[in-house]
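The structure under discussion appears below in the form of structure tokens.
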Amino acid sequence: MSSTNLKKRGGVEKRRPDLDTLYSVNADGSRNMLHPADVKGRWQVRVNLFWGVLLLIYAGLPWIQIGGHPAVHFDIPGREAHLFGISFTNQDFYLMFFVLTGIGFALFSITALFGRVWCGFACPQTVFMEGVFRRIERWIEGPRNARIRRNAGPWNFDKVWRKGLKNGIYVFLVLLITNIFLSYFIPVRELIRVIPEGPGEHMAAFGWMLFFSVIGFINFAWFREQTCLIICPYGRLQSALVDEDTIVIGYDGRRGEPRSLRKDEGGDCIDCFRCVEVCPTGVDIRNGLQMECVGCTRCIDACDDVMRKIGKPEGLVRYDSRRAFETGERKSFLRPRLFVYLFFGLLGLTVATVTVSRRATFQANVLRARGMPYTIADGRIRNLLNLHLQNKQDRPMVLKIEPETETAGQVEFLIPQPRVQLEPMQDLEFPVFAYVDQDNYHGAFTAALVVSDSLSGDSKRLEITFRGP
Ligand code: SF4
Ligand code: SF4
């Protein structure tokens with residue numbers, strides 16, 4: 001560790017966050033466990049309200065029924081997905097490209113405008129870590145200094161019961177979260193029915209639940225902010241997405257420097273270290289915008305509180321552009337890169353929406369059966385075909401299959417099921433025979449079947465090439 005980040009504080013030399021090292025890792029590679037202090041303020045009220053709404057949404061979505069399915073449901077064995085009343089089959093998978101492109105570029109636009117608001121406000125890792133798990137830790141183990149003292153001290157009754165209770169609640173919560181996660185794949189009523197039955201026939205689902213619970217516990221109890229700092233690629237990506245006019249959380253060095261412990265001397269920063277103590281990722285925001293900053297707003301509230309106490313204006317740490325922090329100048333946030341991101345974001349989402357709205361109500365394909373392309377018997381040439389039908393609606397449908405009028409005279413179709421009843425999302429495959437008298441066959445030609453759904457009026461023409469000797 002360089003000596004530059006070792007500073008004397010209260011007569012004791014302490015490590016301070018810097019731009020060259022990860023504060024959550026010690027010089028010898030061991031973990032420097034962070035103990036962010038509690039903080040109150042207007043941003044914490046907003047963030048907590050937002051997290052509360054998000055937690056309700058995460059837990060509530062599987063319970064809401066739209067069109068006979070949960071609002072969000074991924075049926076992996078059935079190769080179906082149901083999103084807010086729209087059903088998708090595996091054949092609609094290509095739509096994910098447009099949806100993900102749209103969402104990705106929408107996120108890029110938001111990042112170019114407001115930095116890491118996603119990380120600080122909406123990412124499930126932050127919502128659960130800061131909104132749930134650290135909160136429980138503070139309730140049980142007390143404020144920052146008490147936690148640091150207890151952790152450094154010997155194991156005694158006080159330490160055992162607090163750690164035991166905290167980890168017991170953590171185990172309960174990760175099991176709850178994993179089961180909520182599972183309810184996006186197994187309908188919640190079915191999940192509630194099978195949980196008391198134990199693993200039994202549901203070994204695979206139980207195994208996944210256990211696996212994710214263990215990962216969740218390790219993440220929330222120990223790995224914590226390291227997930228954002230080491231594993232998540234989005235933090236690294238953001239440096240390419242933000243520019244000097246992006247609104248980020250920063251420190252106004254022009255106003256704060258030179259730091260002085262005497263409030264009537266130097267800049268407004270009294271070097272109280274409070275903004276660093278509350279930071280869940282160990283960032284000193286006064287060193288400038290850093291990849292480790294997840295935009296949680298805690299340092300804004302911490303510094304505003306200090307400013308109020310020393311009778312200075314709030315906003316030494318605040319949301320503003322880097323240009324404004326450095327020069328005091330503010331430019332319009334409408335920049336070329338923003339339009340590029342918005343264009344691609346809207347393009348992806350528009351293509352996905354239009355494609356979904358114009359999707360046929362059913363899927364129909366006809367393929368030549370494997371083996372001989374034709375057979376001859378009793379003076380007739382026969383082609384064997386396989387017809388595949390799939391209902392893509394959440395209602396039963398009856399499909400009518402008939403030869404196309406134009407080719408009806410040339411070829412005779414034998415359709416074992418000219419009217420097929422399909423249950424919601426059901427798919428069915430059955431053979432269809434096409435016959436031509438040998439005397440009338442003068443070479444391969446195209447014929448067609450028409451499949452129609454009388455209720456929606458959708459129809460599909462299926463071409464086949466009739467082959468003979
Ligand atoms: S909380 Fe404000 S005054 Fe205290 S060290 Fe941070 S920036 Fe300076
Ligand atoms: S620097 Fe401030 S906004 Fe960034 S993670 Fe730390 S406390 Fe949150």
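By order in the structure tokens, chains are A, B, ...; within a chain, residues start at 1; ligands start at 1, following the order shown.
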Check your understanding: What's the 7 Å shell around region 72-75 of chain A, counting only C-alpha atoms, without same-chain residues fewer than 2 positions away, as an MDAnalysis selection string?
Key -> chainID A and resid 61:62 70 77:84 184:185
How about saving the chosen residues, C-alpha atoms kept, as a PDB file, in the first residue's frame?
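Written file, result_22.pdb:
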ATOM      1  CA  LEU A  61     -45.733  -9.777 -10.063  1.00  0.00           C
ATOM      2  CA  PRO A  62     -46.002 -13.595  -9.880  1.00  0.00           C
ATOM      3  CA  PRO A  70     -49.033 -14.815 -14.055  1.00  0.00           C
ATOM      4  CA  PRO A  77     -40.283 -27.072 -19.851  1.00  0.00           C
ATOM      5  CA  GLY A  78     -43.230 -25.785 -21.940  1.00  0.00           C
ATOM      6  CA  ARG A  79     -40.876 -23.440 -23.872  1.00  0.00           C
ATOM      7  CA  GLU A  80     -43.290 -20.536 -23.340  1.00  0.00           C
ATOM      8  CA  ALA A  81     -43.181 -17.125 -21.701  1.00  0.00           C
ATOM      9  CA  HIS A  82     -46.056 -14.893 -20.614  1.00  0.00           C
ATOM     10  CA  LEU A  83     -45.359 -11.190 -20.202  1.00  0.00           C
ATOM     11  CA  PHE A  84     -48.210  -8.917 -19.134  1.00  0.00           C
ATOM     12  CA  TYR A 184     -41.262 -16.459 -12.006  1.00  0.00           C
ATOM     13  CA  PHE A 185     -40.679 -19.963 -13.408  1.00  0.00           C
TER      14      PHE A 185
END
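The residues sitting within 8 Å of ligand 2, with only C-alpha atoms and all ligand atoms considered, come out as A:Gly120, A:Ile249, A:Gly250, A:Cys275, A:Val276, A:Val278, A:Cys279, A:Pro280, A:Thr281, A:Gly282, A:Val283, A:Asp284, A:Ile285, A:Gln290, A:Glu292, A:Cys293, A:Val294, A:Gly295, A:Cys296, A:Thr297, A:Arg298, A:Cys299, A:Ile300.
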Practice item. Could you give me, as a PyMOL selection string, the residues within 12 Å of Ser183 (chain A), counting only C-alpha atoms and dropping anything in the same chain fewer than 4 positions from it? Key: chain A and resi 58-64+70-75+176-179+187-195+205+209
Residues just named, written with C-alpha atoms as an mmCIF file, in the first residue's frame:
data_model
loop_
_atom_site.group_PDB
_atom_site.id
_atom_site.type_symbol
_atom_site.label_atom_id
_atom_site.label_comp_id
_atom_site.auth_asym_id
_atom_site.auth_seq_id
_atom_site.Cartn_x
_atom_site.Cartn_y
_atom_site.Cartn_z
ATOM 1 C CA TYR A 58 -40.637 -8.047 -7.364
ATOM 2 C CA ALA A 59 -42.749 -10.021 -4.883
ATOM 3 C CA GLY A 60 -46.162 -9.134 -6.337
ATOM 4 C CA LEU A 61 -45.733 -9.777 -10.063
ATOM 5 C CA PRO A 62 -46.002 -13.595 -9.880
ATOM 6 C CA TRP A 63 -49.315 -13.221 -7.945
ATOM 7 C CA ILE A 64 -50.989 -10.986 -10.543
ATOM 8 C CA PRO A 70 -49.033 -14.815 -14.055
ATOM 9 C CA ALA A 71 -48.077 -11.301 -15.208
ATOM 10 C CA VAL A 72 -44.500 -12.519 -15.714
ATOM 11 C CA HIS A 73 -43.965 -16.250 -16.155
ATOM 12 C CA PHE A 74 -41.199 -18.201 -17.893
ATOM 13 C CA ASP A 75 -42.307 -21.777 -18.503
ATOM 14 C CA LEU A 176 -37.722 -16.271 0.636
ATOM 15 C CA ILE A 177 -36.030 -14.304 -2.175
ATOM 16 C CA THR A 178 -35.025 -17.496 -4.007
ATOM 17 C CA ASN A 179 -38.590 -18.802 -3.806
ATOM 18 C CA PRO A 187 -46.663 -20.531 -10.931
ATOM 19 C CA VAL A 188 -46.838 -19.294 -7.355
ATOM 20 C CA ARG A 189 -49.922 -21.373 -6.407
ATOM 21 C CA GLU A 190 -48.186 -24.533 -7.625
ATOM 22 C CA LEU A 191 -45.040 -23.540 -5.736
ATOM 23 C CA ILE A 192 -46.984 -23.089 -2.501
ATOM 24 C CA ARG A 193 -48.604 -26.493 -3.043
ATOM 25 C CA VAL A 194 -45.293 -28.336 -3.647
ATOM 26 C CA ILE A 195 -43.158 -26.660 -0.940
ATOM 27 C CA ALA A 205 -36.401 -27.154 -8.780
ATOM 28 C CA MET A 209 -33.533 -23.168 -5.157
#
Point to revise | DSSP-assigned alpha helix (DSSP H) among region 220-418 of chain A, expressed as an NGL selection string | key: :A and (226 or 234-241 or 253-256 or 274-277 or 298-309 or 322-327 or 336-357)
Exercise for review: Would you list the residues that come within 6 Å of ligand 1? Count only C-alpha atoms and all ligand atoms and give the answer as JSON, numbers by chain.
Suggested key: {"A": [269, 270, 271, 272, 273, 274, 275, 302, 303]}
**Study point:** Within 10 Å of Arg144 (chain A) using only C-alpha atoms, minus same-chain residues under 6 positions, as number ranges by chain
**Key:** A: 34-38, 138, 150, 277-278
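When the distance limit is 7 Å and only C-alpha atoms are what count, the residues near Gly102 (chain A), minus those fewer than 2 positions from it on the same chain, are Phe98, Val99, Leu100, Gly104, Phe105, Ala106, Phe344, Gly345, Leu346, Leu347, Gly348 and Leu349 of chain A.
Between CA of Asn90 (chain A) and CA of Ile76 (chain A) lies a distance of 9.5 Å.
Across A:Ile215, A:Glu257, A:Val127, A:Ala146, the tightest approach to Phe50 (chain A) is made by A:Val127 when counting only C-alpha atoms.
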Check the DSSP output for the backbone and give back, as a PDB file with N, CA, C and O atoms, in the first residue's frame, the residues of region 150-287 of chain A in strand (DSSP E or B).
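part_31.pdb written:
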ATOM      1  N   ILE A 247     -25.053  14.025 -15.652  1.00  0.00           N
ATOM      2  CA  ILE A 247     -25.328  14.402 -14.259  1.00  0.00           C
ATOM      3  C   ILE A 247     -24.908  13.243 -13.352  1.00  0.00           C
ATOM      4  O   ILE A 247     -25.452  12.143 -13.464  1.00  0.00           O
ATOM      5  N   VAL A 248     -23.902  13.486 -12.532  1.00  0.00           N
ATOM      6  CA  VAL A 248     -23.388  12.440 -11.637  1.00  0.00           C
ATOM      7  C   VAL A 248     -23.334  12.988 -10.212  1.00  0.00           C
ATOM      8  O   VAL A 248     -23.501  14.191  -9.991  1.00  0.00           O
ATOM      9  N   ILE A 249     -23.073  12.082  -9.269  1.00  0.00           N
ATOM     10  CA  ILE A 249     -22.878  12.551  -7.893  1.00  0.00           C
ATOM     11  C   ILE A 249     -21.408  12.932  -7.766  1.00  0.00           C
ATOM     12  O   ILE A 249     -20.524  12.138  -8.093  1.00  0.00           O
ATOM     13  N   GLY A 250     -21.148  14.142  -7.327  1.00  0.00           N
ATOM     14  CA  GLY A 250     -19.759  14.581  -7.250  1.00  0.00           C
ATOM     15  C   GLY A 250     -19.558  15.601  -6.139  1.00  0.00           C
ATOM     16  O   GLY A 250     -20.507  16.045  -5.468  1.00  0.00           O
ATOM     17  N   TYR A 251     -18.306  15.959  -5.993  1.00  0.00           N
ATOM     18  CA  TYR A 251     -17.888  16.883  -4.926  1.00  0.00           C
ATOM     19  C   TYR A 251     -17.439  18.181  -5.581  1.00  0.00           C
ATOM     20  O   TYR A 251     -16.694  18.160  -6.571  1.00  0.00           O
TER      21      TYR A 251
END
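Considering only C-alpha atoms, the residue among A:Glu197, A:Glu265, A:Glu225, A:Asp427 positioned nearest to Phe133 (chain A) is A:Glu225.
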Check your understanding: Quick one: distance from CA of Val356 (chain A) to CA of Phe88 (chain A) in Å, one decimal?
Key -> 9.1 Å
Review point. By how many Å are CA of Met203 (chain A) and CA of Asn167 (chain A) apart?
Key: 25.9 Å
Review point. If we count only C-alpha atoms, what is near Leu54 (chain A) at a cut-off of 10 Å, once residues fewer than 6 positions away on the same chain are taken out, given as a VMD selection string?
Key: chain A and resid 48 60 121 to 124 127
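Considering only C-alpha atoms, the residue among A:Trp139, A:Trp161, A:Ala221, A:Arg255 positioned nearest to Leu173 (chain A) is A:Ala221.
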Exercise for review: Do a neighbour search on region 366-378 of chain A at 10 Å with only C-alpha atoms, toss out local chain neighbours closer than 2 positions, and write the hits as a VMD selection string.
Suggested key: chain A and resid 364 380 to 389 429 to 432 434 to 438 448 to 449 461 to 469
Please build the interface table for region 11-57 of chain A against region 312-322 of chain A with a cut-off of 12 Å, listing for each qualifying residue the nearest atom pair and the distance in Å to one decimal; count only C-alpha atoms, order rows by chain and increasing number, and write it as a Markdown table.
| residue | atom | partner | partner_atom | distance |
| --- | --- | --- | --- | --- |
| A:Gly41 | CA | A:Glu314 | CA | 11.6 |
| A:Arg42 | CA | A:Glu314 | CA | 11.8 |
| A:Trp43 | CA | A:Arg318 | CA | 10.5 |
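Among the candidate residues A:Ala352, A:Asp243, A:Asn391, A:Gln410, the one lying nearest to His442 (chain A) is A:Gln410, with distances computed using only C-alpha atoms.
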